[in-house]
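Coordinates from work08.cif are shown below (mmCIF, N, CA and C atoms).
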```
data_upload
#
loop_
_atom_site.label_atom_id
_atom_site.label_comp_id
_atom_site.auth_asym_id
_atom_site.auth_seq_id
_atom_site.Cartn_x
_atom_site.Cartn_y
_atom_site.Cartn_z
N MET A 182 0.82 -1.21 0.00
CA MET A 182 0.00 0.00 0.00
C MET A 182 0.86 1.26 0.00
N LYS A 183 1.99 1.20 0.74
CA LYS A 183 2.88 2.37 0.79
C LYS A 183 3.45 2.69 -0.58
N LYS A 184 3.81 1.64 -1.33
CA LYS A 184 4.36 1.84 -2.67
C LYS A 184 3.31 2.46 -3.60
N ILE A 185 2.10 1.99 -3.51
CA ILE A 185 1.03 2.54 -4.34
C ILE A 185 0.80 4.00 -4.00
N SER A 186 0.77 4.32 -2.72
CA SER A 186 0.60 5.71 -2.28
C SER A 186 1.74 6.58 -2.81
N LEU A 187 2.95 6.05 -2.74
CA LEU A 187 4.13 6.78 -3.23
C LEU A 187 4.01 7.05 -4.72
N TYR A 188 3.61 6.05 -5.49
CA TYR A 188 3.46 6.23 -6.94
C TYR A 188 2.36 7.23 -7.26
N ILE A 189 1.26 7.15 -6.54
CA ILE A 189 0.14 8.07 -6.79
C ILE A 189 0.55 9.50 -6.50
N ILE A 190 1.18 9.73 -5.34
CA ILE A 190 1.55 11.10 -4.98
C ILE A 190 2.60 11.65 -5.96
N THR A 191 3.50 10.79 -6.40
CA THR A 191 4.52 11.24 -7.36
C THR A 191 3.88 11.65 -8.68
N VAL A 192 3.04 10.80 -9.21
CA VAL A 192 2.35 11.12 -10.47
C VAL A 192 1.46 12.35 -10.30
N PHE A 193 0.78 12.42 -9.17
CA PHE A 193 -0.11 13.56 -8.89
C PHE A 193 0.64 14.88 -9.00
N TYR A 194 1.82 14.97 -8.37
CA TYR A 194 2.55 16.24 -8.38
C TYR A 194 3.26 16.50 -9.70
N VAL A 195 3.66 15.46 -10.40
CA VAL A 195 4.22 15.69 -11.74
C VAL A 195 3.14 16.25 -12.66
N VAL A 196 1.95 15.66 -12.61
CA VAL A 196 0.84 16.14 -13.44
C VAL A 196 0.43 17.54 -13.01
N ALA A 197 0.35 17.77 -11.71
CA ALA A 197 -0.02 19.11 -11.20
C ALA A 197 1.01 20.14 -11.65
N GLY A 198 2.29 19.78 -11.58
CA GLY A 198 3.34 20.70 -12.03
C GLY A 198 3.24 20.99 -13.52
N MET A 199 2.97 19.96 -14.31
CA MET A 199 2.82 20.15 -15.76
C MET A 199 1.63 21.03 -16.08
N ALA A 200 0.59 20.95 -15.27
CA ALA A 200 -0.61 21.76 -15.50
C ALA A 200 -0.29 23.25 -15.45
N HIS A 201 0.72 23.63 -14.70
CA HIS A 201 1.11 25.04 -14.62
C HIS A 201 1.56 25.56 -16.00
N PHE A 202 2.05 24.66 -16.84
CA PHE A 202 2.51 25.04 -18.17
C PHE A 202 1.42 24.84 -19.22
N LEU A 203 0.54 23.88 -18.98
CA LEU A 203 -0.51 23.57 -19.95
C LEU A 203 -1.70 24.50 -19.84
N VAL A 204 -2.04 24.90 -18.61
CA VAL A 204 -3.17 25.81 -18.38
C VAL A 204 -2.77 26.91 -17.39
N PRO A 205 -1.76 27.71 -17.75
CA PRO A 205 -1.26 28.71 -16.81
C PRO A 205 -2.32 29.74 -16.42
N GLN A 206 -3.28 30.00 -17.30
CA GLN A 206 -4.29 31.01 -17.00
C GLN A 206 -5.11 30.64 -15.77
N PHE A 207 -5.37 29.36 -15.57
CA PHE A 207 -6.09 28.93 -14.38
C PHE A 207 -5.37 29.40 -13.12
N TYR A 208 -4.07 29.18 -13.10
CA TYR A 208 -3.27 29.55 -11.93
C TYR A 208 -3.11 31.06 -11.82
N LEU A 209 -2.96 31.72 -12.95
CA LEU A 209 -2.87 33.19 -12.92
C LEU A 209 -4.15 33.82 -12.38
N ASN A 210 -5.28 33.21 -12.68
CA ASN A 210 -6.57 33.74 -12.22
C ASN A 210 -6.75 33.62 -10.72
N ILE A 211 -6.02 32.74 -10.07
CA ILE A 211 -6.20 32.57 -8.63
C ILE A 211 -5.03 33.13 -7.82
N MET A 212 -4.13 33.83 -8.50
CA MET A 212 -3.01 34.45 -7.78
C MET A 212 -3.53 35.65 -6.99
N PRO A 213 -3.12 35.77 -5.75
CA PRO A 213 -3.50 36.96 -4.98
C PRO A 213 -2.98 38.22 -5.69
N PRO A 214 -3.78 39.28 -5.72
CA PRO A 214 -3.37 40.47 -6.46
C PRO A 214 -2.09 41.12 -5.92
N TRP A 215 -1.78 40.91 -4.67
CA TRP A 215 -0.58 41.50 -4.07
C TRP A 215 0.69 40.75 -4.46
N MET A 216 0.54 39.60 -5.08
CA MET A 216 1.69 38.76 -5.42
C MET A 216 2.41 39.33 -6.63
N PRO A 217 3.72 39.63 -6.49
CA PRO A 217 4.47 40.14 -7.65
C PRO A 217 4.89 39.00 -8.58
N LEU A 218 5.24 39.35 -9.79
CA LEU A 218 5.76 38.38 -10.77
C LEU A 218 4.90 37.12 -10.86
N GLN A 219 3.63 37.31 -11.07
CA GLN A 219 2.68 36.21 -11.02
C GLN A 219 2.97 35.11 -12.04
N LYS A 220 3.28 35.50 -13.26
CA LYS A 220 3.54 34.49 -14.29
C LYS A 220 4.79 33.68 -13.93
N VAL A 221 5.81 34.36 -13.46
CA VAL A 221 7.04 33.67 -13.04
C VAL A 221 6.71 32.72 -11.90
N ALA A 222 5.90 33.17 -10.95
CA ALA A 222 5.54 32.34 -9.79
C ALA A 222 4.78 31.09 -10.23
N VAL A 223 3.89 31.24 -11.20
CA VAL A 223 3.13 30.08 -11.69
C VAL A 223 4.07 29.05 -12.31
N PHE A 224 4.94 29.50 -13.19
CA PHE A 224 5.85 28.56 -13.85
C PHE A 224 6.88 27.98 -12.86
N PHE A 225 7.40 28.82 -11.98
CA PHE A 225 8.39 28.36 -11.01
C PHE A 225 7.79 27.32 -10.06
N SER A 226 6.56 27.57 -9.61
CA SER A 226 5.93 26.60 -8.71
C SER A 226 5.65 25.28 -9.44
N GLY A 227 5.35 25.36 -10.72
CA GLY A 227 5.16 24.14 -11.51
C GLY A 227 6.44 23.34 -11.62
N ILE A 228 7.54 24.02 -11.88
CA ILE A 228 8.84 23.35 -11.95
C ILE A 228 9.17 22.71 -10.61
N LEU A 229 8.95 23.46 -9.52
CA LEU A 229 9.25 22.93 -8.19
C LEU A 229 8.40 21.70 -7.88
N GLU A 230 7.13 21.72 -8.23
CA GLU A 230 6.27 20.56 -7.96
C GLU A 230 6.81 19.32 -8.67
N ILE A 231 7.25 19.49 -9.90
CA ILE A 231 7.79 18.36 -10.65
C ILE A 231 9.09 17.86 -10.01
N ILE A 232 9.98 18.78 -9.70
CA ILE A 232 11.26 18.38 -9.08
C ILE A 232 11.03 17.69 -7.75
N PHE A 233 10.19 18.28 -6.92
CA PHE A 233 9.95 17.69 -5.59
C PHE A 233 9.28 16.32 -5.71
N ALA A 234 8.41 16.17 -6.69
CA ALA A 234 7.77 14.85 -6.91
C ALA A 234 8.82 13.82 -7.31
N LEU A 235 9.73 14.22 -8.18
CA LEU A 235 10.76 13.29 -8.63
C LEU A 235 11.71 12.91 -7.48
N LEU A 236 11.89 13.80 -6.54
CA LEU A 236 12.71 13.48 -5.36
C LEU A 236 12.09 12.37 -4.53
N LEU A 237 10.78 12.21 -4.63
CA LEU A 237 10.09 11.16 -3.87
C LEU A 237 10.45 9.76 -4.35
N ILE A 238 10.87 9.65 -5.59
CA ILE A 238 11.13 8.34 -6.19
C ILE A 238 12.27 7.60 -5.47
N PHE A 239 13.29 8.33 -5.11
CA PHE A 239 14.49 7.71 -4.55
C PHE A 239 14.47 7.75 -3.02
N PRO A 240 14.69 6.63 -2.38
CA PRO A 240 14.66 6.60 -0.92
C PRO A 240 15.61 7.62 -0.27
N SER A 241 16.75 7.86 -0.90
CA SER A 241 17.73 8.78 -0.32
C SER A 241 17.27 10.25 -0.38
N THR A 242 16.34 10.59 -1.27
CA THR A 242 15.87 11.98 -1.37
C THR A 242 14.39 12.12 -1.03
N ARG A 243 13.76 11.03 -0.65
CA ARG A 243 12.31 11.03 -0.41
C ARG A 243 11.89 12.02 0.68
N LYS A 244 12.59 12.01 1.80
CA LYS A 244 12.21 12.92 2.89
C LYS A 244 12.40 14.37 2.49
N THR A 245 13.46 14.66 1.78
CA THR A 245 13.69 16.03 1.30
C THR A 245 12.55 16.44 0.36
N GLY A 246 12.20 15.57 -0.57
CA GLY A 246 11.10 15.86 -1.49
C GLY A 246 9.79 16.08 -0.77
N ALA A 247 9.52 15.25 0.23
CA ALA A 247 8.27 15.38 0.99
C ALA A 247 8.25 16.70 1.76
N TRP A 248 9.36 17.04 2.43
CA TRP A 248 9.40 18.33 3.15
C TRP A 248 9.25 19.51 2.18
N CYS A 249 9.86 19.40 1.02
CA CYS A 249 9.74 20.48 0.03
C CYS A 249 8.30 20.60 -0.47
N LEU A 250 7.63 19.48 -0.68
CA LEU A 250 6.22 19.53 -1.07
C LEU A 250 5.37 20.17 0.02
N ILE A 251 5.66 19.83 1.27
CA ILE A 251 4.93 20.46 2.37
C ILE A 251 5.14 21.97 2.34
N GLY A 252 6.36 22.37 2.11
CA GLY A 252 6.66 23.80 2.03
C GLY A 252 5.92 24.50 0.91
N ILE A 253 5.90 23.88 -0.26
CA ILE A 253 5.22 24.53 -1.39
C ILE A 253 3.71 24.53 -1.18
N LEU A 254 3.18 23.49 -0.56
CA LEU A 254 1.74 23.47 -0.28
C LEU A 254 1.35 24.61 0.67
N ILE A 255 2.21 24.89 1.62
CA ILE A 255 1.95 26.02 2.52
C ILE A 255 2.09 27.33 1.76
N ALA A 256 3.12 27.43 0.93
CA ALA A 256 3.37 28.67 0.18
C ALA A 256 2.25 29.02 -0.80
N ILE A 257 1.62 28.00 -1.38
CA ILE A 257 0.58 28.29 -2.37
C ILE A 257 -0.82 28.39 -1.77
N TYR A 258 -0.93 28.19 -0.48
CA TYR A 258 -2.26 28.25 0.15
C TYR A 258 -2.98 29.58 -0.10
N PRO A 259 -2.28 30.72 -0.10
CA PRO A 259 -2.98 31.97 -0.42
C PRO A 259 -3.71 31.95 -1.77
N ALA A 260 -3.20 31.19 -2.73
CA ALA A 260 -3.89 31.08 -4.02
C ALA A 260 -5.22 30.36 -3.86
N ASN A 261 -5.28 29.37 -2.97
CA ASN A 261 -6.55 28.68 -2.72
C ASN A 261 -7.55 29.62 -2.04
N ILE A 262 -7.06 30.43 -1.14
CA ILE A 262 -7.92 31.42 -0.49
C ILE A 262 -8.42 32.42 -1.54
N GLN A 263 -7.52 32.87 -2.42
CA GLN A 263 -7.90 33.82 -3.46
C GLN A 263 -8.92 33.20 -4.41
N MET A 264 -8.74 31.92 -4.73
CA MET A 264 -9.71 31.23 -5.59
C MET A 264 -11.09 31.25 -4.94
N PHE A 265 -11.13 30.92 -3.66
CA PHE A 265 -12.40 30.96 -2.93
C PHE A 265 -13.02 32.36 -2.99
N LEU A 266 -12.22 33.38 -2.70
CA LEU A 266 -12.74 34.76 -2.71
C LEU A 266 -13.24 35.15 -4.10
N ASN A 267 -12.48 34.82 -5.13
CA ASN A 267 -12.89 35.14 -6.50
C ASN A 267 -14.22 34.48 -6.84
N TYR A 268 -14.29 33.19 -6.59
CA TYR A 268 -15.49 32.43 -6.93
C TYR A 268 -16.69 32.92 -6.12
N TYR A 269 -16.47 33.25 -4.87
CA TYR A 269 -17.54 33.75 -4.01
C TYR A 269 -18.08 35.08 -4.55
N HIS A 270 -17.18 36.01 -4.85
CA HIS A 270 -17.60 37.34 -5.33
C HIS A 270 -18.22 37.29 -6.73
N GLU A 271 -17.82 36.31 -7.51
CA GLU A 271 -18.37 36.16 -8.87
C GLU A 271 -19.64 35.31 -8.88
N SER A 272 -20.04 34.78 -7.73
CA SER A 272 -21.15 33.81 -7.65
C SER A 272 -20.91 32.66 -8.63
N ASN A 273 -19.68 32.23 -8.71
CA ASN A 273 -19.28 31.17 -9.62
C ASN A 273 -19.91 29.85 -9.17
N PRO A 274 -20.58 29.14 -10.07
CA PRO A 274 -21.18 27.86 -9.69
C PRO A 274 -20.16 26.81 -9.24
N ALA A 275 -18.89 27.03 -9.55
CA ALA A 275 -17.85 26.10 -9.12
C ALA A 275 -17.28 26.49 -7.75
N LEU A 276 -17.99 27.32 -7.03
CA LEU A 276 -17.55 27.72 -5.69
C LEU A 276 -17.27 26.52 -4.81
N TRP A 277 -18.06 25.48 -4.97
CA TRP A 277 -17.87 24.28 -4.15
C TRP A 277 -16.47 23.69 -4.32
N ILE A 278 -15.90 23.81 -5.53
CA ILE A 278 -14.54 23.31 -5.77
C ILE A 278 -13.54 24.12 -4.95
N ALA A 279 -13.72 25.44 -4.94
CA ALA A 279 -12.84 26.30 -4.16
C ALA A 279 -12.95 25.99 -2.67
N ILE A 280 -14.15 25.68 -2.22
CA ILE A 280 -14.36 25.34 -0.81
C ILE A 280 -13.67 24.02 -0.47
N VAL A 281 -13.78 23.05 -1.36
CA VAL A 281 -13.15 21.74 -1.13
C VAL A 281 -11.63 21.85 -1.13
N ARG A 282 -11.09 22.74 -1.97
CA ARG A 282 -9.63 22.89 -2.05
C ARG A 282 -9.02 23.38 -0.75
N LEU A 283 -9.75 24.14 0.03
CA LEU A 283 -9.18 24.71 1.27
C LEU A 283 -8.77 23.62 2.26
N PRO A 284 -9.66 22.72 2.67
CA PRO A 284 -9.21 21.66 3.58
C PRO A 284 -8.39 20.57 2.87
N LEU A 285 -8.60 20.42 1.56
CA LEU A 285 -7.85 19.42 0.81
C LEU A 285 -6.34 19.68 0.92
N GLN A 286 -5.98 20.95 0.97
CA GLN A 286 -4.56 21.30 1.09
C GLN A 286 -3.93 20.67 2.34
N PHE A 287 -4.69 20.63 3.43
CA PHE A 287 -4.18 20.05 4.67
C PHE A 287 -4.05 18.53 4.55
N ILE A 288 -4.95 17.92 3.79
CA ILE A 288 -4.86 16.48 3.55
C ILE A 288 -3.62 16.18 2.70
N LEU A 289 -3.34 17.03 1.72
CA LEU A 289 -2.15 16.85 0.90
C LEU A 289 -0.87 17.03 1.73
N ILE A 290 -0.89 17.98 2.65
CA ILE A 290 0.25 18.17 3.55
C ILE A 290 0.44 16.92 4.40
N TRP A 291 -0.64 16.40 4.94
CA TRP A 291 -0.56 15.18 5.75
C TRP A 291 0.00 14.02 4.92
N TRP A 292 -0.48 13.89 3.70
CA TRP A 292 -0.04 12.81 2.82
C TRP A 292 1.47 12.89 2.59
N ALA A 293 1.97 14.09 2.31
CA ALA A 293 3.41 14.26 2.13
C ALA A 293 4.14 13.96 3.44
N TYR A 294 3.55 14.35 4.55
CA TYR A 294 4.18 14.10 5.85
C TYR A 294 4.30 12.61 6.15
N THR A 295 3.37 11.82 5.65
CA THR A 295 3.48 10.37 5.88
C THR A 295 4.76 9.82 5.25
N LEU A 296 5.25 10.46 4.22
CA LEU A 296 6.50 10.03 3.57
C LEU A 296 7.71 10.44 4.41
N VAL A 297 7.60 11.52 5.15
CA VAL A 297 8.67 11.95 6.04
C VAL A 297 8.83 10.96 7.17
N ARG A 298 7.73 10.43 7.65
CA ARG A 298 7.72 9.54 8.80
C ARG A 298 8.10 8.11 8.46
N GLU A 299 8.22 7.80 7.17
CA GLU A 299 8.59 6.44 6.76
C GLU A 299 9.96 6.05 7.31
N LYS A 300 10.09 4.78 7.60
CA LYS A 300 11.40 4.29 8.08
C LYS A 300 12.04 3.44 7.05
#
```
Could I get this structure in the form of structure tokens?
Amino acid sequence: MKKISLYIITVFYVVAGMAHFLVPQFYLNIMPPWMPLQKVAVFFSGILEIIFALLLIFPSTRKTGAWCLIGILIAIYPANIQMFLNYYHESNPALWIAIVRLPLQFILIWWAYTLVREK
């Protein structure tokens, strides 16, 4: 089960990182307005997600990759808050997705943390 979880989380973050390049406008739309260099931040965070996911593959770098994913999940949380605010103010019918993303981030942090605790 641990191996399956490891493969899923690795693929999940590689795909999520690639999405930053395939649909950058989605991420640009949820960037907090106070954030500088938004386009650079979107692409940079995509690259980091891919790199950190690949670090999970190797036992010698797995904990580093997991801690880095935890860090990036915390760093991008303001974008999830901004998505919620945008969708709320726009009366967007997809508001429920923005609401689900808020606690989901903590589940993703926990999931990465389970890799840190591996022996």
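Taking only C-alpha atoms into account, Val223 in chain A lies nearest to A:Ala260 out of the set A:Tyr268, A:Lys244, A:Ala260, A:Phe239.
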Among listed residues A:Met212, A:Ala247, A:Ala293, A:Val195, nearest Ile228 in chain A (using only C-alpha atoms): A:Val195
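Compared by their closest atoms to Gly252 in chain A, and using only C-alpha atoms, the residues A:Ile231, A:Val196, A:Ile290, A:Leu237 rank with A:Ile290 nearest.
One finds atom C of Arg243 in chain A at 5.8 Å from atom C of Leu296 in chain A.
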Going by the chain IDs and residue numbers used in this file, which residues fall under the PyMOL selection byres (((chain A and resi 234 and name CA) around 9) and name CA)? Write them as a VMD selection string. chain A and resid 190 to 195 198 229 to 233 235 to 238 243 246 to 247 250
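CA of Leu283 in chain A is positioned 19.6 Å from CA of Trp215 in chain A.
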From the set A:Phe202, A:Tyr208, A:Tyr188, A:Trp248, which residue has the shortest atom-to-atom contact distance to Val297 in chain A, counting only C-alpha atoms? A:Trp248
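When the PyMOL selection byres ((chain A and resi 264) around 8) is evaluated on the file shown here, the picked residues come out as A:Asn210, A:Ile211, A:Met212, A:Pro213, A:Tyr258, A:Pro259, A:Ala260, A:Asn261, A:Ile262, A:Gln263, A:Phe265, A:Leu266, A:Asn267, A:Tyr268, A:Tyr269, A:His270, A:Leu276, A:Ile278, A:Ala279, A:Ile280.
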Straight-line distance linking CA of Ile255 in chain A with CA of Val281 in chain A, stated in Å to one decimal: 16.1 Å
Coordinates of box centre and edge lengths for range 184-197 of chain A, 8 Å on every side, axis-aligned, as JSON:
```
{"center_x": 2.2, "center_y": 10.9, "center_z": -7.4, "size_x": 20.6, "size_y": 34.5, "size_z": 28.1}
```
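Between Phe225 in chain A and the candidates A:His201, A:Arg282, A:Arg298, A:Lys184, the tightest atom-to-atom separation, counting only C-alpha atoms, involves A:His201.
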